[in-house]
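Just entry.cif here, mmCIF, N, CA and C atoms:
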```cif
data_run
#
loop_
_atom_site.group_PDB
_atom_site.id
_atom_site.type_symbol
_atom_site.label_atom_id
_atom_site.label_comp_id
_atom_site.auth_asym_id
_atom_site.auth_seq_id
_atom_site.Cartn_x
_atom_site.Cartn_y
_atom_site.Cartn_z
ATOM 1 N N MET E 1 113.270 104.969 128.919
ATOM 2 C CA MET E 1 112.415 104.194 129.783
ATOM 3 C C MET E 1 112.886 102.741 129.840
ATOM 4 N N PHE E 2 113.358 102.182 128.715
ATOM 5 C CA PHE E 2 113.802 100.797 128.690
ATOM 6 C C PHE E 2 115.263 100.725 128.280
ATOM 7 N N GLU E 3 116.028 101.663 128.779
ATOM 8 C CA GLU E 3 117.431 101.757 128.440
ATOM 9 C C GLU E 3 118.143 100.440 128.733
ATOM 10 N N GLY E 4 118.841 99.942 127.735
ATOM 11 C CA GLY E 4 119.588 98.718 127.902
ATOM 12 C C GLY E 4 118.764 97.447 127.776
ATOM 13 N N ASP E 5 117.478 97.564 127.582
ATOM 14 C CA ASP E 5 116.619 96.381 127.469
ATOM 15 C C ASP E 5 116.146 96.256 126.029
ATOM 16 N N ALA E 6 117.009 95.708 125.191
ATOM 17 C CA ALA E 6 116.722 95.612 123.763
ATOM 18 C C ALA E 6 115.492 94.746 123.489
ATOM 19 N N GLU E 7 115.325 93.691 124.259
ATOM 20 C CA GLU E 7 114.176 92.804 124.045
ATOM 21 C C GLU E 7 112.861 93.529 124.355
ATOM 22 N N ALA E 8 112.843 94.335 125.400
ATOM 23 C CA ALA E 8 111.638 95.101 125.735
ATOM 24 C C ALA E 8 111.322 96.107 124.635
ATOM 25 N N LEU E 9 112.353 96.743 124.108
ATOM 26 C CA LEU E 9 112.131 97.701 123.016
ATOM 27 C C LEU E 9 111.610 96.999 121.769
ATOM 28 N N ARG E 10 112.141 95.831 121.496
ATOM 29 C CA ARG E 10 111.684 95.069 120.335
ATOM 30 C C ARG E 10 110.217 94.672 120.510
ATOM 31 N N HIS E 11 109.851 94.195 121.693
ATOM 32 C CA HIS E 11 108.454 93.843 121.959
ATOM 33 C C HIS E 11 107.546 95.060 121.807
ATOM 34 N N PHE E 12 108.005 96.191 122.306
ATOM 35 C CA PHE E 12 107.228 97.424 122.197
ATOM 36 C C PHE E 12 107.016 97.790 120.734
ATOM 37 N N ALA E 13 108.068 97.729 119.955
ATOM 38 C CA ALA E 13 107.965 98.069 118.530
ATOM 39 C C ALA E 13 107.007 97.125 117.810
ATOM 40 N N LEU E 14 107.085 95.843 118.122
ATOM 41 C CA LEU E 14 106.183 94.884 117.480
ATOM 42 C C LEU E 14 104.735 95.108 117.892
ATOM 43 N N PHE E 15 104.533 95.425 119.150
ATOM 44 C CA PHE E 15 103.174 95.700 119.617
ATOM 45 C C PHE E 15 102.609 96.921 118.892
ATOM 46 N N LEU E 16 103.437 97.963 118.775
ATOM 47 C CA LEU E 16 102.982 99.161 118.067
ATOM 48 C C LEU E 16 102.682 98.866 116.606
ATOM 49 N N LEU E 17 103.497 98.037 115.996
ATOM 50 C CA LEU E 17 103.258 97.659 114.609
ATOM 51 C C LEU E 17 101.878 97.038 114.453
ATOM 52 N N VAL E 18 101.577 96.082 115.303
ATOM 53 C CA VAL E 18 100.273 95.417 115.239
ATOM 54 C C VAL E 18 99.147 96.421 115.479
ATOM 55 N N TYR E 19 99.321 97.297 116.458
ATOM 56 C CA TYR E 19 98.292 98.272 116.796
ATOM 57 C C TYR E 19 98.047 99.241 115.633
ATOM 58 N N TYR E 20 99.135 99.732 115.029
ATOM 59 C CA TYR E 20 98.990 100.748 113.988
ATOM 60 C C TYR E 20 98.661 100.180 112.611
ATOM 61 N N LEU E 21 98.810 98.875 112.427
ATOM 62 C CA LEU E 21 98.424 98.282 111.148
ATOM 63 C C LEU E 21 96.972 98.596 110.806
ATOM 64 N N GLN E 22 96.129 98.653 111.817
ATOM 65 C CA GLN E 22 94.711 98.901 111.570
ATOM 66 C C GLN E 22 94.439 100.326 111.086
ATOM 67 N N PHE E 23 95.402 101.241 111.294
ATOM 68 C CA PHE E 23 95.207 102.625 110.894
ATOM 69 C C PHE E 23 95.969 102.995 109.620
ATOM 70 N N MET E 24 96.796 102.091 109.119
ATOM 71 C CA MET E 24 97.607 102.380 107.940
ATOM 72 C C MET E 24 96.765 102.332 106.674
ATOM 73 N N ASN E 25 97.110 103.211 105.745
ATOM 74 C CA ASN E 25 96.456 103.149 104.445
ATOM 75 C C ASN E 25 97.209 102.152 103.565
ATOM 76 N N ALA E 26 96.708 101.911 102.367
ATOM 77 C CA ALA E 26 97.290 100.891 101.488
ATOM 78 C C ALA E 26 98.741 101.211 101.128
ATOM 79 N N LYS E 27 99.057 102.465 100.907
ATOM 80 C CA LYS E 27 100.428 102.853 100.544
ATOM 81 C C LYS E 27 101.386 102.562 101.696
ATOM 82 N N GLU E 28 100.985 102.903 102.904
ATOM 83 C CA GLU E 28 101.835 102.657 104.069
ATOM 84 C C GLU E 28 102.048 101.156 104.280
ATOM 85 N N LYS E 29 100.993 100.380 104.099
ATOM 86 C CA LYS E 29 101.118 98.929 104.239
ATOM 87 C C LYS E 29 102.051 98.368 103.173
ATOM 88 N N SER E 30 101.933 98.873 101.962
ATOM 89 C CA SER E 30 102.791 98.430 100.870
ATOM 90 C C SER E 30 104.259 98.743 101.175
ATOM 91 N N GLU E 31 104.521 99.939 101.700
ATOM 92 C CA GLU E 31 105.892 100.324 102.060
ATOM 93 C C GLU E 31 106.429 99.427 103.177
ATOM 94 N N LEU E 32 105.591 99.082 104.128
ATOM 95 C CA LEU E 32 105.998 98.197 105.214
ATOM 96 C C LEU E 32 106.331 96.806 104.668
ATOM 97 N N ILE E 33 105.500 96.310 103.776
ATOM 98 C CA ILE E 33 105.745 94.999 103.175
ATOM 99 C C ILE E 33 107.076 95.011 102.418
ATOM 100 N N GLU E 34 107.334 96.086 101.711
ATOM 101 C CA GLU E 34 108.597 96.202 100.971
ATOM 102 C C GLU E 34 109.796 96.134 101.924
ATOM 103 N N LYS E 35 109.700 96.807 103.059
ATOM 104 C CA LYS E 35 110.782 96.764 104.047
ATOM 105 C C LYS E 35 110.954 95.355 104.611
ATOM 106 N N LEU E 36 109.849 94.671 104.854
ATOM 107 C CA LEU E 36 109.916 93.309 105.377
ATOM 108 C C LEU E 36 110.570 92.365 104.369
ATOM 109 N N VAL E 37 110.244 92.533 103.099
ATOM 110 C CA VAL E 37 110.824 91.689 102.059
ATOM 111 C C VAL E 37 112.340 91.873 102.000
ATOM 112 N N LYS E 38 112.805 93.094 102.225
ATOM 113 C CA LYS E 38 114.238 93.392 102.154
ATOM 114 C C LYS E 38 114.981 93.052 103.451
ATOM 115 N N SER E 39 114.264 92.785 104.518
ATOM 116 C CA SER E 39 114.891 92.539 105.816
ATOM 117 C C SER E 39 115.594 91.189 105.862
ATOM 118 N N ASN E 40 116.750 91.161 106.529
ATOM 119 C CA ASN E 40 117.484 89.920 106.757
ATOM 120 C C ASN E 40 117.425 89.502 108.221
ATOM 121 N N ASP E 41 116.637 90.187 109.010
ATOM 122 C CA ASP E 41 116.544 89.911 110.444
ATOM 123 C C ASP E 41 115.543 88.777 110.668
ATOM 124 N N GLU E 42 116.052 87.558 110.722
ATOM 125 C CA GLU E 42 115.194 86.379 110.839
ATOM 126 C C GLU E 42 114.361 86.387 112.123
ATOM 127 N N ASP E 43 114.959 86.858 113.218
ATOM 128 C CA ASP E 43 114.233 86.904 114.486
ATOM 129 C C ASP E 43 113.046 87.853 114.391
ATOM 130 N N LEU E 44 113.286 89.028 113.836
ATOM 131 C CA LEU E 44 112.213 90.009 113.668
ATOM 132 C C LEU E 44 111.115 89.450 112.776
ATOM 133 N N LEU E 45 111.514 88.859 111.657
ATOM 134 C CA LEU E 45 110.525 88.321 110.723
ATOM 135 C C LEU E 45 109.705 87.201 111.351
ATOM 136 N N SER E 46 110.342 86.348 112.136
ATOM 137 C CA SER E 46 109.582 85.267 112.776
ATOM 138 C C SER E 46 108.636 85.811 113.841
ATOM 139 N N GLN E 47 109.055 86.876 114.544
ATOM 140 C CA GLN E 47 108.162 87.484 115.532
ATOM 141 C C GLN E 47 106.970 88.150 114.853
ATOM 142 N N ILE E 48 107.210 88.825 113.753
ATOM 143 C CA ILE E 48 106.111 89.462 113.017
ATOM 144 C C ILE E 48 105.159 88.392 112.480
ATOM 145 N N LYS E 49 105.724 87.300 111.950
ATOM 146 C CA LYS E 49 104.887 86.203 111.462
ATOM 147 C C LYS E 49 104.015 85.648 112.585
ATOM 148 N N ALA E 50 104.609 85.461 113.752
ATOM 149 C CA ALA E 50 103.846 84.947 114.890
ATOM 150 C C ALA E 50 102.708 85.890 115.258
ATOM 151 N N ILE E 51 102.981 87.176 115.205
ATOM 152 C CA ILE E 51 101.945 88.167 115.518
ATOM 153 C C ILE E 51 100.817 88.081 114.493
ATOM 154 N N LEU E 52 101.196 88.062 113.228
ATOM 155 C CA LEU E 52 100.184 88.028 112.176
ATOM 156 C C LEU E 52 99.423 86.705 112.148
ATOM 157 N N ASP E 53 100.052 85.650 112.648
ATOM 158 C CA ASP E 53 99.375 84.346 112.718
ATOM 159 C C ASP E 53 98.484 84.232 113.951
ATOM 160 N N GLY E 54 98.447 85.271 114.770
ATOM 161 C CA GLY E 54 97.549 85.264 115.916
ATOM 162 C C GLY E 54 98.215 84.990 117.243
ATOM 163 N N SER E 55 99.533 85.030 117.290
ATOM 164 C CA SER E 55 100.238 84.755 118.535
ATOM 165 C C SER E 55 100.576 86.019 119.317
ATOM 166 N N GLN E 56 99.946 87.135 118.970
ATOM 167 C CA GLN E 56 100.276 88.385 119.657
ATOM 168 C C GLN E 56 99.958 88.325 121.142
ATOM 169 N N HIS E 57 99.042 87.461 121.534
ATOM 170 C CA HIS E 57 98.719 87.342 122.953
ATOM 171 C C HIS E 57 99.907 86.784 123.721
ATOM 172 N N GLN E 58 100.637 85.857 123.105
ATOM 173 C CA GLN E 58 101.831 85.313 123.741
ATOM 174 C C GLN E 58 102.878 86.406 123.900
ATOM 175 N N LEU E 59 103.047 87.228 122.870
ATOM 176 C CA LEU E 59 103.978 88.350 122.942
ATOM 177 C C LEU E 59 103.599 89.263 124.105
ATOM 178 N N TRP E 60 102.319 89.562 124.219
ATOM 179 C CA TRP E 60 101.838 90.425 125.297
ATOM 180 C C TRP E 60 102.088 89.777 126.655
ATOM 181 N N ASP E 61 101.791 88.489 126.769
ATOM 182 C CA ASP E 61 101.956 87.778 128.036
ATOM 183 C C ASP E 61 103.414 87.728 128.486
ATOM 184 N N GLU E 62 104.345 87.668 127.540
ATOM 185 C CA GLU E 62 105.770 87.573 127.857
ATOM 186 C C GLU E 62 106.434 88.935 128.044
ATOM 187 N N MET E 63 105.702 89.994 127.763
ATOM 188 C CA MET E 63 106.274 91.333 127.791
ATOM 189 C C MET E 63 106.571 91.803 129.216
ATOM 190 N N ASN E 64 107.592 92.628 129.325
ATOM 191 C CA ASN E 64 107.966 93.269 130.581
ATOM 192 C C ASN E 64 106.740 93.981 131.165
ATOM 193 N N PRO E 65 106.412 93.762 132.458
ATOM 194 C CA PRO E 65 105.207 94.363 133.054
ATOM 195 C C PRO E 65 105.197 95.894 133.012
ATOM 196 N N ILE E 66 106.360 96.507 133.132
ATOM 197 C CA ILE E 66 106.430 97.976 133.071
ATOM 198 C C ILE E 66 106.088 98.438 131.661
ATOM 199 N N LEU E 67 106.614 97.735 130.674
ATOM 200 C CA LEU E 67 106.315 98.053 129.290
ATOM 201 C C LEU E 67 104.835 97.858 129.001
ATOM 202 N N LYS E 68 104.272 96.761 129.505
ATOM 203 C CA LYS E 68 102.837 96.497 129.321
ATOM 204 C C LYS E 68 101.987 97.626 129.889
ATOM 205 N N ALA E 69 102.343 98.069 131.093
ATOM 206 C CA ALA E 69 101.577 99.145 131.737
ATOM 207 C C ALA E 69 101.674 100.430 130.917
ATOM 208 N N SER E 70 102.863 100.705 130.393
ATOM 209 C CA SER E 70 103.050 101.907 129.590
ATOM 210 C C SER E 70 102.225 101.843 128.301
ATOM 211 N N ILE E 71 102.247 100.698 127.645
ATOM 212 C CA ILE E 71 101.461 100.526 126.419
ATOM 213 C C ILE E 71 99.975 100.653 126.720
ATOM 214 N N GLN E 72 99.528 100.009 127.785
ATOM 215 C CA GLN E 72 98.111 100.066 128.130
ATOM 216 C C GLN E 72 97.677 101.493 128.436
ATOM 217 N N ARG E 73 98.546 102.239 129.115
ATOM 218 C CA ARG E 73 98.235 103.644 129.413
ATOM 219 C C ARG E 73 98.074 104.436 128.118
ATOM 220 N N GLY E 74 98.974 104.196 127.150
ATOM 221 C CA GLY E 74 98.879 104.877 125.859
ATOM 222 C C GLY E 74 97.621 104.508 125.096
ATOM 223 N N VAL E 75 97.274 103.232 125.104
ATOM 224 C CA VAL E 75 96.052 102.778 124.427
ATOM 225 C C VAL E 75 94.824 103.403 125.086
ATOM 226 N N ASP E 76 94.808 103.417 126.410
ATOM 227 C CA ASP E 76 93.685 104.021 127.133
ATOM 228 C C ASP E 76 93.561 105.506 126.802
ATOM 229 N N GLN E 77 94.693 106.207 126.761
ATOM 230 C CA GLN E 77 94.664 107.632 126.426
ATOM 231 C C GLN E 77 94.162 107.842 125.003
ATOM 232 N N SER E 78 94.591 106.984 124.094
ATOM 233 C CA SER E 78 94.140 107.081 122.708
ATOM 234 C C SER E 78 92.640 106.852 122.616
ATOM 235 N N ASN E 79 92.159 105.846 123.325
ATOM 236 C CA ASN E 79 90.723 105.556 123.317
ATOM 237 C C ASN E 79 89.903 106.696 123.904
ATOM 238 N N GLN E 80 90.489 107.456 124.828
ATOM 239 C CA GLN E 80 89.812 108.598 125.445
ATOM 240 C C GLN E 80 90.063 109.891 124.666
ATOM 241 N N ARG E 81 90.751 109.761 123.519
ATOM 242 C CA ARG E 81 91.074 110.912 122.662
ATOM 243 C C ARG E 81 91.983 111.924 123.372
ATOM 244 N N ILE E 82 92.836 111.416 124.255
ATOM 245 C CA ILE E 82 93.814 112.265 124.936
ATOM 246 C C ILE E 82 95.083 112.233 124.099
ATOM 247 N N GLY E 83 95.626 113.378 123.773
ATOM 248 C CA GLY E 83 96.849 113.433 122.982
ATOM 249 C C GLY E 83 96.560 113.937 121.583
ATOM 250 N N MET E 84 97.560 113.781 120.733
ATOM 251 C CA MET E 84 97.452 114.276 119.361
ATOM 252 C C MET E 84 97.586 113.116 118.381
ATOM 253 N N VAL E 85 96.940 113.245 117.245
ATOM 254 C CA VAL E 85 97.036 112.268 116.168
ATOM 255 C C VAL E 85 98.425 112.392 115.544
ATOM 256 N N HIS E 86 99.021 111.267 115.177
ATOM 257 C CA HIS E 86 100.366 111.241 114.615
ATOM 258 C C HIS E 86 100.519 112.217 113.453
ATOM 259 N N GLU E 87 99.552 112.230 112.549
ATOM 260 C CA GLU E 87 99.632 113.110 111.378
ATOM 261 C C GLU E 87 99.703 114.575 111.792
ATOM 262 N N GLU E 88 98.978 114.955 112.834
ATOM 263 C CA GLU E 88 99.012 116.340 113.307
ATOM 264 C C GLU E 88 100.385 116.695 113.874
ATOM 265 N N ILE E 89 100.964 115.777 114.617
ATOM 266 C CA ILE E 89 102.285 116.005 115.191
ATOM 267 C C ILE E 89 103.316 116.149 114.082
ATOM 268 N N MET E 90 103.257 115.265 113.092
ATOM 269 C CA MET E 90 104.221 115.319 111.990
ATOM 270 C C MET E 90 104.046 116.599 111.169
ATOM 271 N N LYS E 91 102.821 117.018 110.964
ATOM 272 C CA LYS E 91 102.554 118.253 110.223
ATOM 273 C C LYS E 91 103.164 119.442 110.959
ATOM 274 N N GLU E 92 102.964 119.479 112.267
ATOM 275 C CA GLU E 92 103.535 120.551 113.091
ATOM 276 C C GLU E 92 105.063 120.493 113.075
ATOM 277 N N TYR E 93 105.613 119.292 113.174
ATOM 278 C CA TYR E 93 107.063 119.104 113.174
ATOM 279 C C TYR E 93 107.663 119.591 111.849
ATOM 280 N N ARG E 94 107.058 119.189 110.740
ATOM 281 C CA ARG E 94 107.565 119.586 109.416
ATOM 282 C C ARG E 94 107.473 121.091 109.215
ATOM 283 N N ALA E 95 106.452 121.697 109.757
ATOM 284 C CA ALA E 95 106.291 123.147 109.615
ATOM 285 C C ALA E 95 107.372 123.911 110.377
ATOM 286 N N ASN E 96 107.870 123.328 111.449
ATOM 287 C CA ASN E 96 108.874 124.013 112.286
ATOM 288 C C ASN E 96 110.303 123.644 111.936
ATOM 289 N N PHE E 97 110.485 122.555 111.224
ATOM 290 C CA PHE E 97 111.860 122.121 110.918
ATOM 291 C C PHE E 97 112.013 121.917 109.486
#
```
Can you dump the structure from the file as structure tokens?
Amino acid sequence: MFEGDAEALRHFALFLLVYYLQFMNAKEKSELIEKLVKSNDEDLLSQIKAILDGSQHQLWDEMNPILKASIQRGVDQSNQRIGMVHEEIMKEYRANF
């Protein structure tokens, strides 16, 4: 969908990170923190810091409009309980592979 647009993919990943932080358990959050501590990607770390400091609205405002529409569609579907929970998908995937 965003082939060749690395910045759009990065924004998408950061948006998902912020969205899914609210659903992570303590172990998952701890593992994420460990990965962040080991990261040398200064740009990524500064973007995550900005998000956690409350600048996620700026990230959203600067995001590619097509990407924004896609994210909003996914959020709307999630709010309407359309689709499958991540854990269910992973359970099914592990059972088949």
Long-range neighbours of stretch 74-87 of chain E as a PDB file with N, CA and C atoms, in the frame of the given file, 12 Å cut-off, only C-alpha atoms, 6 positions minimum in chain:
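Below you can see part.pdb, which holds the result:
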```pdb
ATOM      1  N   PHE E  12     108.005  96.191 122.306  1.00  0.00           N
ATOM      2  CA  PHE E  12     107.228  97.424 122.197  1.00  0.00           C
ATOM      3  C   PHE E  12     107.016  97.790 120.734  1.00  0.00           C
ATOM      4  N   PHE E  15     104.533  95.425 119.150  1.00  0.00           N
ATOM      5  CA  PHE E  15     103.174  95.700 119.617  1.00  0.00           C
ATOM      6  C   PHE E  15     102.609  96.921 118.892  1.00  0.00           C
ATOM      7  N   LEU E  16     103.437  97.963 118.775  1.00  0.00           N
ATOM      8  CA  LEU E  16     102.982  99.161 118.067  1.00  0.00           C
ATOM      9  C   LEU E  16     102.682  98.866 116.606  1.00  0.00           C
ATOM     10  N   TYR E  19      99.321  97.297 116.458  1.00  0.00           N
ATOM     11  CA  TYR E  19      98.292  98.272 116.796  1.00  0.00           C
ATOM     12  C   TYR E  19      98.047  99.241 115.633  1.00  0.00           C
ATOM     13  N   TYR E  20      99.135  99.732 115.029  1.00  0.00           N
ATOM     14  CA  TYR E  20      98.990 100.748 113.988  1.00  0.00           C
ATOM     15  C   TYR E  20      98.661 100.180 112.611  1.00  0.00           C
ATOM     16  N   PHE E  23      95.402 101.241 111.294  1.00  0.00           N
ATOM     17  CA  PHE E  23      95.207 102.625 110.894  1.00  0.00           C
ATOM     18  C   PHE E  23      95.969 102.995 109.620  1.00  0.00           C
ATOM     19  N   MET E  24      96.796 102.091 109.119  1.00  0.00           N
ATOM     20  CA  MET E  24      97.607 102.380 107.940  1.00  0.00           C
ATOM     21  C   MET E  24      96.765 102.332 106.674  1.00  0.00           C
ATOM     22  N   LEU E  67     106.614  97.735 130.674  1.00  0.00           N
ATOM     23  CA  LEU E  67     106.315  98.053 129.290  1.00  0.00           C
ATOM     24  C   LEU E  67     104.835  97.858 129.001  1.00  0.00           C
ATOM     25  N   LYS E  68     104.272  96.761 129.505  1.00  0.00           N
ATOM     26  CA  LYS E  68     102.837  96.497 129.321  1.00  0.00           C
ATOM     27  C   LYS E  68     101.987  97.626 129.889  1.00  0.00           C
ATOM     28  N   TYR E  93     105.613 119.292 113.174  1.00  0.00           N
ATOM     29  CA  TYR E  93     107.063 119.104 113.174  1.00  0.00           C
ATOM     30  C   TYR E  93     107.663 119.591 111.849  1.00  0.00           C
ATOM     31  N   ARG E  94     107.058 119.189 110.740  1.00  0.00           N
ATOM     32  CA  ARG E  94     107.565 119.586 109.416  1.00  0.00           C
ATOM     33  C   ARG E  94     107.473 121.091 109.215  1.00  0.00           C
TER      34      ARG E  94
END
```
Give the padded box for stretch 18-26 of chain E as AutoDock Vina command-line options: axis-aligned, covering all atoms listed in the file, 3 Å on each side, centre and edge lengths in Å to one decimal.
```
--center_x 98.0 --center_y 99.3 --center_z 109.0 --size_x 13.1 --size_y 13.8 --size_z 21.7
```
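A straight line drawn from atom C of E:Ala13 to atom CA of E:Trp60 is 11.3 Å long.
Of note, atom C of E:Leu44 and atom CA of E:Glu28 are spaced 18.3 Å apart.
If you look at atom CA of E:Glu34 and atom CA of E:Ala95, they are 28.4 Å away from each other.
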Quick one: DSSP alpha helix (DSSP H) residues in stretch 4-95 of chain E, as a PyMOL selection string?
chain E and resi 6-21+26-38+42-50+56-62+65-79+86-95
Matched chain/residue IDs from the PyMOL selection byres (((chain E and resi 48 and name CA) around 12) and name CA), as a short mmCIF file (atom, residue, chain, number, x, y, z; two decimals) with N, CA and C atoms, keeping the file's coordinate frame:
```cif
data_model
loop_
_atom_site.label_atom_id
_atom_site.label_comp_id
_atom_site.auth_asym_id
_atom_site.auth_seq_id
_atom_site.Cartn_x
_atom_site.Cartn_y
_atom_site.Cartn_z
N ARG E 10 112.14 95.83 121.50
CA ARG E 10 111.68 95.07 120.34
C ARG E 10 110.22 94.67 120.51
N HIS E 11 109.85 94.20 121.69
CA HIS E 11 108.45 93.84 121.96
C HIS E 11 107.55 95.06 121.81
N ALA E 13 108.07 97.73 119.96
CA ALA E 13 107.96 98.07 118.53
C ALA E 13 107.01 97.12 117.81
N LEU E 14 107.08 95.84 118.12
CA LEU E 14 106.18 94.88 117.48
C LEU E 14 104.74 95.11 117.89
N PHE E 15 104.53 95.42 119.15
CA PHE E 15 103.17 95.70 119.62
C PHE E 15 102.61 96.92 118.89
N LEU E 16 103.44 97.96 118.78
CA LEU E 16 102.98 99.16 118.07
C LEU E 16 102.68 98.87 116.61
N LEU E 17 103.50 98.04 116.00
CA LEU E 17 103.26 97.66 114.61
C LEU E 17 101.88 97.04 114.45
N VAL E 18 101.58 96.08 115.30
CA VAL E 18 100.27 95.42 115.24
C VAL E 18 99.15 96.42 115.48
N LEU E 21 98.81 98.88 112.43
CA LEU E 21 98.42 98.28 111.15
C LEU E 21 96.97 98.60 110.81
N LEU E 32 105.59 99.08 104.13
CA LEU E 32 106.00 98.20 105.21
C LEU E 32 106.33 96.81 104.67
N ILE E 33 105.50 96.31 103.78
CA ILE E 33 105.74 95.00 103.18
C ILE E 33 107.08 95.01 102.42
N LEU E 36 109.85 94.67 104.85
CA LEU E 36 109.92 93.31 105.38
C LEU E 36 110.57 92.36 104.37
N SER E 39 114.26 92.78 104.52
CA SER E 39 114.89 92.54 105.82
C SER E 39 115.59 91.19 105.86
N ASP E 41 116.64 90.19 109.01
CA ASP E 41 116.54 89.91 110.44
C ASP E 41 115.54 88.78 110.67
N GLU E 42 116.05 87.56 110.72
CA GLU E 42 115.19 86.38 110.84
C GLU E 42 114.36 86.39 112.12
N ASP E 43 114.96 86.86 113.22
CA ASP E 43 114.23 86.90 114.49
C ASP E 43 113.05 87.85 114.39
N LEU E 44 113.29 89.03 113.84
CA LEU E 44 112.21 90.01 113.67
C LEU E 44 111.12 89.45 112.78
N LEU E 45 111.51 88.86 111.66
CA LEU E 45 110.52 88.32 110.72
C LEU E 45 109.70 87.20 111.35
N SER E 46 110.34 86.35 112.14
CA SER E 46 109.58 85.27 112.78
C SER E 46 108.64 85.81 113.84
N GLN E 47 109.06 86.88 114.54
CA GLN E 47 108.16 87.48 115.53
C GLN E 47 106.97 88.15 114.85
N LYS E 49 105.72 87.30 111.95
CA LYS E 49 104.89 86.20 111.46
C LYS E 49 104.02 85.65 112.58
N ALA E 50 104.61 85.46 113.75
CA ALA E 50 103.85 84.95 114.89
C ALA E 50 102.71 85.89 115.26
N ILE E 51 102.98 87.18 115.20
CA ILE E 51 101.94 88.17 115.52
C ILE E 51 100.82 88.08 114.49
N LEU E 52 101.20 88.06 113.23
CA LEU E 52 100.18 88.03 112.18
C LEU E 52 99.42 86.70 112.15
N ASP E 53 100.05 85.65 112.65
CA ASP E 53 99.38 84.35 112.72
C ASP E 53 98.48 84.23 113.95
N GLY E 54 98.45 85.27 114.77
CA GLY E 54 97.55 85.26 115.92
C GLY E 54 98.22 84.99 117.24
N SER E 55 99.53 85.03 117.29
CA SER E 55 100.24 84.76 118.54
C SER E 55 100.58 86.02 119.32
N GLN E 56 99.95 87.14 118.97
CA GLN E 56 100.28 88.38 119.66
C GLN E 56 99.96 88.32 121.14
N LEU E 59 103.05 87.23 122.87
CA LEU E 59 103.98 88.35 122.94
C LEU E 59 103.60 89.26 124.10
#
```
